[in-house]
Structure formats: structure tokens, C-alpha cells
Amino acid sequence: MSIYDTLNREQKQAVTTVDGPVLLLAGAGSGKTRALTHRIAYLIGEMGVQPWNVLAITFTNKAAGEMRERVDELVGFGADQIWVSTFHAACMRILRRYIDRLGFDNGFTIYDTDDQKTVMKGICKRLDIDTKTYKERMLLASISSAKDKLIGVREYELGAAGDYQKAVCAKVYREYQETLQKNNALDFDDIIMKTVELFKSCPEVLDSYQERFRYIMVDEYQDTNTAQFELIRLLADKYRNLCVVGDDDQSIYRFRGANIRNILDFEKYFPEATVIKLEQNYRSTQYILDAANAVIGNNEGRKDKALWTDRGAGNRVHFRQFDNAYEEAEFIAGDIARKVKKEGAHYKDCAVLYRTNAQARLLEERMILEGMPYNVVGGTNFYSRMEIKDILAYLKTIDNGRDEVAVRRIVNVPKRGIGPATLDKLEDYAQLHDISLYEAMRQADDIMGVGRTAAKLRPFVQLIEDFRRRLAEPEDTEKPAIAELIGEITKRIGYEEYLRDYDDNDEDRMENVAELINKAVSYRESHETESLTEFLEEVALVADIDNVDGNDDRVLLMTLHSAKGLEFPNVYMAGMEDGLFPGFMAIASDDPQEVEEERRLAYVGITRAMNDLTLTYAQMRMVRGETQYNAVSRFVREIPAQLMDNAVPKKYRSEESVLAGLSRLTGAFSKSEPLSKGGTLPKASARPRVSLRPEKTFGAGGVDSLNRLAGVSKGAPVQAPEALDYGTGERVSHVKFGEGTVLKIEREPRDYKVTVNFDKAGQKIMYASFAKLKRV
DNA sequence: GCCTCACACGTTTTT
DNA sequence: CGTGTGAGGC
């Protein structure tokens with residue numbers, strides 16, 4: 001009995017066809033990861049291929065981690081020599097070694113979307129571009145899409161000739177690339193593009209990697225963009241042992257440049273390719289699979305395939321409709337609770353999938369209310385939180401002084417009295433002397449003479465220099481670990497106090513900082529040598545889905561995109577409405593491809609379900625403070641009625657009414673009038689809707705906050721309190737700062753400005769109507 | 001340089 | 001609806 005006996009015929013063929021290009025068309029749930037991992041085991045165990053000659057590429061760290069685990073089990077000795085990694089991580093490894101050949105320093109940093117935006121803002125200012133006509137987002141999008149297609153600055157400029165708008169983009173593109181190079185930074189797209197550039201300009205480097213990676217496997221191949229395809233093509237060009245695995249029906253990243261032609265035209269690029277189809281589904285029951293097939297069948301131009309299962313009919317697809325999104329959330333939470341209680345399900349067996357992250361909120365609130373354990377994947381990435389970015393910017397500055405975005409971010413956090421004017425002066429000086437902004441700060445004394453501003457910069461520069469010096473110390477003497485470094489930074493800059501003044505979330509934020517320290521500790525544990533550069537790189541390349549722990553017994557809430565590659569016994573797809581899913585943009589577009597992509601997304605969602613699939617619809621939904629009335633999603637309507645337990649109402653079945661439903665009826669109906677459908681759901685009107693949102697606390701300020709509330713709701717200016725019930729020299733208490741003594745009260749046109757010396761928090765100046773001070 | 005208020009703007013989706 | 005940004009006062 002060998003490990004290959006459990007594979008079906010097609011899987012076996014995929015495993016044993018090791019020479020030449022292979023296109024493995026693997027439908028959802030057809031065991032493609034099994035096929036891939038066994039293929040790697042077969043190459044090494046049966047064909048005598050050296051482990052280091054194997055490269056397996058995935059899209060997320062999570063997928064890479066899972067594959068690594070399974071390969072380790074199957075291969076045993078030498079498994080750690082196999083490169084199992086994401087596109088980005090693999091390219092980073094290559095670039096760290098060779099990017100100096102492209103004029104970058106090997107210690108370069110990675111810019112995330114936030115950093116890109118910051119750079120772009122600066123460029124628009126510098127080039128005097130009107131950001132009303134040319135939005136930063138749009139400019140970045142066109143640069144990104146150019147990079148996805150491997151169009152460099154020069155080529156872009158050539159293509160822009162004669163087109164004013166494009167010419168502006170070209171100018172911005174050039175400036176953007178120059179800025180990044182100056183800052184010794186790459187953005188996500190550069191990571192791929194620069195690697196291709198490296199391979200094309202340094203044949204000997206390419207050759208060394210071709211020799212190294214004689215057997216290449218690519219997972220989720222349908223999501224590769226042109227740059228990624230070119231990268232793979234170059235690497236595989238010598239030995240042509242390339243096995244790509246994908247499903248054109250699950251291609252959902254067109255918006256990010258994924259080129260579906262890569263999979264559809266694979267046989268054109270590699271005419272000698274063996275094509276193998278995996279069509280047996282091991283995941284879902286028949287009803288679910290039939291529904292999936294029915295929906296995806298509406299797409300044109302797909303590779304012909306039909307999934308089948310021997311798991312039996314199973315349950316019909318559940319369809320439930322609700323008056324509004326609150327009831328939808330209530331039902332989903334309730335249904336999960338019922339499954340856990342009555343059917344012995346675990347929370348972690350249930351996932352709620354939706355189109356947009358914004359939908360998570362209502363669901364989350366409902367689950368909090370029910371005390372149900374849940375986990376939201378995505379939304380705001382941990383590493384894009386303000387406090388994390390601040391700390392990382394300190395680390396980046398210590399690590400790479402050329403990263404101007406990082407330096408600018410923190411030079412005045414916490415406040416050091418260094419404003420834009422000072423930075424401009426420094427910037428000019430830096431440009432003139434061809435040095436970095438940070439270097440200019442180090443020389444600040446020479447620039448502005450004995451000006452006060454130079455003195456303000458000194459402690460900052462000293463702080464950074466101090467940490468740099470200590471990091472340069474030899475190992476196991478004085479050199480601090482990254483975790484210690486973070487702790488010391490926060491302490492020395494007084495970050496906790498800064499956060500306390502910043503807003504009311506200081507406790508959450510400090511917890512996040514603590515979490516970052518945890519991550520630094522676990523980084524140290526999983527690596528033999530600690531490198532700040534490497535730590536920052538790992539941190540830059542994590543996706544939200546990477547942090548999902550499948551062992552936690554919690555309901556998972558995530559977007560349909562995040563759900564790709566996962567499976568759950570019970571799946572809820574919420575917000576099945578035309579206008580939301582498929583999205584408004586896709587419907588309005590005259591490019592039918594857009595709705596097709598949404599349909600593939602629906603297909604991905606449906607095929608996540610193993611046993612139970614529930615689709616929900618809300619007639620009324622608040623979107624950005626506006627009430628929308630939508631028709632039942634066309635994707636629900638594409639599922640034959642006999643596969644579902646509830647019929648889609650007639651009114652949504654004809655095309656006409658669907659179109660009518662599409663138009664937004666804001667204002668046409670009274671918003672306060674609940675659209676109750678008679679006696680079907682009597683509790684709808686009785687339930688206090690407001691209670692679902694966490695109530696905002698206005699502190700103990702009594703009259704003052706009431707004044708504020710009343711004032712705000714009428715849109716009138718805030719009224720100054722008639723008189724204060726405390727005076728100079730008296731003791732007062734504050735919600736955040738505790739007790740203190742009033743030093744000064746100043747009358748201002750609209751308010752009183754009160755200076756208080758707090759026992760613990762020190763001296764603060766605040767406005768009476770906001771501070772909610774109470775006499776003690 | 002800092003702080004406040006007013007308003008404009010946005011949503012797909014993410015390595 | 002919530003956030004982020006820019007103008008104007010202090």
C-alpha cells in the first residue's frame with residue numbers, strides 16, 4: 001500500500017506526469033492540493049529529484065503554510081529544501097540577493113497601499129496636479145495595472161503620446177518610480193516586476209534559478225497576472241517542467257490584473273502540454289454542486305467541465321428573505337446557534353460570506369449581542385492600524401534611513417514641534433546635497449544655524465542613532481531583540497501617553513502594540529538569526545487570511561474573496577441582492593466580463609459549502625447612510641427552484657421588475673415607514689433597532705453633553721455653558737485624566753478654556769464643553 | 001505649530 | 001454613516 005493508492009485515476013495521472021508542461025484543471029473541491037503535494041512527494045521519492053530543485057508557488061502565506069505542512073508529512077527528509085512560497089515571498093528572496101544590479105540597495109523596504117498613497121500625495125503636490133480630476137487612487141491604479149502588464153515607465157510614455165490624460169499619468173509614473181528608488185523602496189507590484197526585470201537583464205542570474213528550479217508548480221494559476229506569468233515562463237523556459245493548477249471558474253482577481261487568458265491559453269504557450277481535468281468533487285453534496293453548476297453555466301467562454309460527487313443528494317439550498325439587514329443578521333446568528341445547540345455543530349463549522357467588508361459590521365454586532373464566538377477576517381489589516389504603522393515606521397527608520405515615508409510619519413509622533421515648514425527646509429537641503437531626508441536631519445545644526453528648530457530635531461535623531469548603535473552591537477551582548485526594541489521605543493517616546501491624548505481607543509491600541517511585540521517574539525522563535533529587515537518584510541507581506549486559526553471554535557466572517565480555498569460544513573452567503581452582489585458597478589458596466597467575474601465569485605462561495613448552504617436576502621439595506629431597496633440577486637435566480645427549499649418570489653422573476661428593483665428608491669418611500677409585510681414577521685416593528693448598535697458613551701458630563709447632543713442634532717453651533725460649577729483653584733475630575741486642580745479659566749467667544757493640573761496626567765488645556773469636568 | 005470645525009467623499013474585492 | 005482632509009482661529 002503506497003501513499004498514492006488513495007488517489008483517483010486523474011489525480012494519479014497528475015502526480016505521475018512529471019516531464020514537460022502540465023495543465024491541471026481542477027474544479028472546486030476536487031483535491032488539487034492533494035494532487036500537488038503528492039506530486040512533489042512522487043518527484044522526490046520516486047523520480048529521484050533533489051528537493052532543492054522543486055519550487056511550489058501559492059498566493060497566500062496560509063496556502064503556502066498548509067502545503068508546506070502536508071509536503072513535510074509526505075516527503076520527510078529534505079522537505080525543508082523545497083521552496084514552498086508565495087509569489088511575493090519567492091521574489092523577495094531573489095531580490096534581496098540581486099536587486100543591487102538594478103540600482104537598489106539590497107536592504108530595501110516594501111511600501112504598502114498606505115505608503116503608496118502618501119508618496120502619491122507628495123507627487124501630486126510637487127507636480128501641481130489637481131487631485132480633483134486626477135485622484136491619487138486612480139493614478140495608483142493605472143500605475144499598478146501597468147506594472148501588472150510589465151509596462152515600464154519608458155514604454156508607458158511611448159504609449160501615452162498624443163493622449164493628454166495618459167501623458168499626465170506617465171509623468172506621475174516616472175516621478176513615482178524615481179521617488180521609490182530614492183527611498184530605496186518597492187511596492188507590491190514592483191516585487192514581481194523587478195524580479196522579471198532582473199531575469200531579463202541578467203541572464204546568468206536567470207540561468208542559476210532555472211538550474212535550481214527544475215520542477216515548478218503553481219497553485220491558483222487562474223489568478224496570475226501577466227507579470228507573474230512571465231516570471232514563471234522565464235523560470236520554466238529551460239527545463240519546461242511546469243505544472244500549473246487552476247480553475248478558470250474561480251478566477252476572481254481580474255480587478256487586480258489577473259489575466260484569465262493565462263489559463264485559457266496555456267496550451268498555446270505550451271503546445272506540448274498535457275491537460276488533465278479533475279472533476280470529481282469530494283467536498284459538497286449534490287444539491288449544492290448542482291446549484292453551483294447552474295450558476296456558473298451562465299458564463300461564456302469557460303473551459304468545459306462538469307463537477308460530480310458521490311456524496312449523495314444532501315440538503316436543498318436554503319433561501320431566506322428579510323425586510324432588512326438587521327433581521328438578516330439576526331437570522332444567521334440564530335440559525336448558527338440552533339445548529340450548534342440542536343445539531344451538535346461547532347461554531348468553527350460555520351462561515352458567513354459576504355461581498356463587501358462593510359457588511360461584517362451588522363453581523364458582528366448581532367453576534368456580540370448573542371454572545372457568539374466569532375472572528376472577522378479582513379477589514380482593516382492589523383498592520384495598517386495607525387499605532388502599528390507608527391511603531392513600524394520607527395523600526396523602518398532605524399533599519400533604512402532612506403525611507404522618507406517612514407521618517408516623515410514619525411518625526412512628529414509624538415509631537416516634537418516639527419511641522420511642514422521645517423520639513424520643507426530639510427527637504428530642500430537634502431535635495432541640494434543629494435542626501436536623504438534623515439541625513440539632513442542629522443546635519444540640521446549646519447542648515448539652520450542655531451535656530452530653535454534644529455534643537456527640536458536633536459532628540460529625535462539621537463533616539464534613532466542610539467537604537468542603531470545598539471542594534472549594531474555583536475549578538476548576545478548588548479544587541480536588543482526586536483521585541484525589546486519595540487518595548488523601548490514605546491517607552492522612550494512616551495507612546496502610551498501620546499495615545500491617551502490621541503483618542504478614546506488608547507487601550508485597544510496599546511493592546512495592538514503588545515500584540516506586535518508578541519509577533520516579534522514568535523518571529524525570533526521561528527528564525528535562527530534575527531534580522532530587523534527580514535522581520536519588517538514578513539510583516540509587510542501578510543494577508544488577513546494568513547492569521548486565521550482553524551482550530552479556534554469561532555464562526556468565521558469574511559468576504560467571498562478571502563474564502564477562496566477554504567471549506568466549511570455550513571456556509572451562509574449574506575446580502576444576495578442585485579446591486580450588492582453582483583455589485584452596482586458590475587451591473588452598470590457595459591463590459592459583461594464584470595458580471596461574469598461576480599458570477600465566478602458566487603461560484604466560489606457556493607462551492608465552499610460541504611453540507612449546508614444558506615442564501616439570505618434583505619429587501620432594505622443601508623449603504624453609506626442611504627437606504628437601498630434591491631431585487632433578489634440574479635445569482636439566486638439562476639439556481640433552479642427545485643434545488644432550493646424556498647422559492648424566490650414571483651415579483652423578482654421577471655426581468656422587468658428586476659430592473660425596477662435595481663433603481664435606488666431613496667426618498668421615494670418614507671424612510672421611517674417600516675416596509676413590513678403584514679403579519680409575517682410581527683416582531684420586526686417591535687424590536688428596538690437602535691439597540692443593535694453599541695451605544696456611544698458621553699461620559700458623566702450631564703448637562704454639558706446633553707447640550708452638545710441637542711446642539712449637534714439640530715446642526716446649531718455648540719453653546720457655551722452659562723456658567724461653570726467650578727472655579728480657579730478648585731478640584732475637578734475628568735473621565736480620562738482623573739482628578740486635578742483648576743489653574744486657569746479663560747472666557748472665549750464660544751466656550752471656556754480651562755487649564756487643569758491633573759495629579760497623574762499633568763497639565764492640560766481643554767474646553768469646558770468637551771472636557772466634561774466635574775467639581776469634586 | 002496646533003487645534004477646531006466644516007465638508008467632501010466613498011466601497012468592491014487584496015498580495 | 002464614518003472617516004479624512006483642509007481652512008481658519010488662536
# chains A, B, ... in the order shown; residues from 1 in each chain; ligands from 1

call {"tool": "interface_residues", "arguments": {"of": "chain A", "to": "chain B", "cutoff": "9 Å", "atoms": "only C-alpha atoms (C1' of nucleotides)", "output": "ChimeraX atom specification"}}
result
/A:59-60,86-88,188-189,252-253,255-256,355-358,417-419,541-543,559-562,580,583,585,624

call {"tool": "select_by_dssp", "arguments": {"residues": "region 189-325 of chain A", "states": "strand (DSSP E)", "output": "PyMOL selection string"}}
result
chain A and resi 215-218+242-246+274-278+318-324

call {"tool": "interface_residues", "arguments": {"of": "chain C", "to": "chain A", "cutoff": "12 Å", "atoms": "only C-alpha atoms (C1' of nucleotides)", "output": "short mmCIF file (atom, residue, chain, number, x, y, z; two decimals) with N, CA and C atoms (P, O5', C5', C4', C3', O3' and C1' of nucleotides), in the first residue's frame"}}
result
data_model
loop_
_atom_site.label_atom_id
_atom_site.label_comp_id
_atom_site.auth_asym_id
_atom_site.auth_seq_id
_atom_site.Cartn_x
_atom_site.Cartn_y
_atom_site.Cartn_z
P DC C 1 -27.10 58.63 9.59
"O5'" DC C 1 -25.88 57.69 10.02
"C5'" DC C 1 -25.86 56.31 9.75
"C4'" DC C 1 -24.42 55.91 9.51
"C3'" DC C 1 -23.47 56.59 10.47
"O3'" DC C 1 -22.67 55.60 11.11
"C1'" DC C 1 -22.77 56.90 8.22
P DG C 2 -21.83 56.01 12.33
"O5'" DG C 2 -20.43 56.16 11.60
"C5'" DG C 2 -19.78 55.00 11.11
"C4'" DG C 2 -18.52 55.46 10.43
"C3'" DG C 2 -17.61 56.28 11.34
"O3'" DG C 2 -16.40 55.56 11.52
"C1'" DG C 2 -17.98 57.37 9.23
P DT C 3 -15.21 56.21 12.30
"O5'" DT C 3 -14.26 56.76 11.14
"C5'" DT C 3 -14.01 55.94 10.00
"C4'" DT C 3 -13.36 56.78 8.93
"C3'" DT C 3 -12.14 57.55 9.41
"O3'" DT C 3 -11.03 57.21 8.60
"C1'" DT C 3 -13.62 58.96 8.21
P DG C 9 -10.29 83.30 10.53
"O5'" DG C 9 -10.05 82.93 12.06
"C5'" DG C 9 -11.16 82.53 12.87
"C4'" DG C 9 -10.67 81.83 14.11
"C3'" DG C 9 -9.90 82.73 15.08
"O3'" DG C 9 -10.35 82.46 16.40
"C1'" DG C 9 -8.57 80.86 14.51
P DC C 10 -10.06 83.52 17.48
"O5'" DC C 10 -8.83 82.88 18.25
"C5'" DC C 10 -8.99 81.63 18.93
"C4'" DC C 10 -7.63 81.15 19.38
"C3'" DC C 10 -6.80 82.22 20.10
"O3'" DC C 10 -6.48 81.75 21.40
"C1'" DC C 10 -5.50 81.06 18.49
#

call {"tool": "atom_distance", "arguments": {"atom1": "CA of Ser251 (chain A)", "atom2": "CA of Thr309 (chain A)"}}
result
22.1 Å

call {"tool": "residues_around", "arguments": {"residues": "region 289-291 of chain A", "least_positions_apart": "5", "cutoff": "9 Å", "atoms": "only C-alpha atoms (C1' of nucleotides)", "output": "list in words"}}
result
Asn281, Ser284, Ile296, Leu307, Trp308, Thr309, Val317, Tyr603, Ile606, Thr607, Glu638, Ile639, Pro640, Leu643 and Met644 of chain A

call {"tool": "residues_around", "arguments": {"residues": "Ala351 (chain A)", "least_positions_apart": "2", "cutoff": "6 Å", "atoms": "only C-alpha atoms (C1' of nucleotides)", "output": "PyMOL selection string"}}
result
chain A and resi 555-557+571

call {"tool": "atom_distance", "arguments": {"atom1": "CA of Asn259 (chain A)", "atom2": "CA of Thr226 (chain A)"}}
result
6.3 Å

call {"tool": "atom_distance", "arguments": {"atom1": "CA of Ala393 (chain A)", "atom2": "CA of Gly152 (chain A)"}}
result
28.6 Å

call {"tool": "residues_around", "arguments": {"residues": "Asp237 (chain A)", "least_positions_apart": "2", "cutoff": "12 Å", "atoms": "only C-alpha atoms (C1' of nucleotides)", "output": "list in words"}}
result
Gly20, Pro21, Phe199, Leu206, Asp207, Tyr209, Gln210, Glu211, Phe213, Arg214, Tyr215, Ile216, Phe229, Glu230, Leu231, Ile232, Arg233, Leu234, Leu235, Tyr239, Arg240, Asn241, Leu242, Tyr269 and Phe270 of chain A

call {"tool": "select_by_dssp", "arguments": {"residues": "region 324-503 of chain A", "states": "alpha helix (DSSP H)", "output": "number ranges by chain"}}
result
A: 325-342, 360-370, 386-399, 404-410, 420-433, 437-442, 444-447, 452-471, 482-492, 495-502

call {"tool": "decode", "arguments": {"residues": "region 456-487 of chain A", "atoms": "C-alpha atoms", "output": "compact mmCIF listing (two decimals), in the first residue's frame"}}
result
# COMPACT_ATOMS: atom_id res chain seq x y z
CA LYS A 456 13.85 70.18 18.39
CA LEU A 457 15.23 67.66 15.92
CA ARG A 458 18.16 66.67 18.07
CA PRO A 459 16.36 64.34 20.48
CA PHE A 460 14.71 62.55 17.58
CA VAL A 461 17.96 61.99 15.70
CA GLN A 462 19.66 60.97 18.91
CA LEU A 463 16.94 58.41 19.60
CA ILE A 464 17.31 56.81 16.19
CA GLU A 465 21.10 56.89 16.31
CA ASP A 466 21.08 55.37 19.73
CA PHE A 467 18.96 52.43 18.61
CA ARG A 468 21.05 51.97 15.51
CA ARG A 469 24.21 51.84 17.54
CA ARG A 470 22.77 49.25 19.85
CA LEU A 471 21.48 47.11 17.01
CA ALA A 472 24.98 47.08 15.55
CA GLU A 473 26.35 45.54 18.76
CA PRO A 474 27.51 41.97 18.44
CA GLU A 475 24.93 39.28 19.04
CA ASP A 476 24.33 38.06 22.61
CA THR A 477 25.90 41.06 24.22
CA GLU A 478 24.06 44.33 24.17
CA LYS A 479 22.07 43.84 21.00
CA PRO A 480 18.38 44.11 21.81
CA ALA A 481 15.82 41.69 20.39
CA ILE A 482 13.18 43.22 18.14
CA ALA A 483 10.57 42.67 20.82
CA GLU A 484 12.70 44.57 23.32
CA LEU A 485 13.36 47.23 20.76
CA ILE A 486 9.65 47.87 20.29
CA GLY A 487 9.12 48.00 24.02
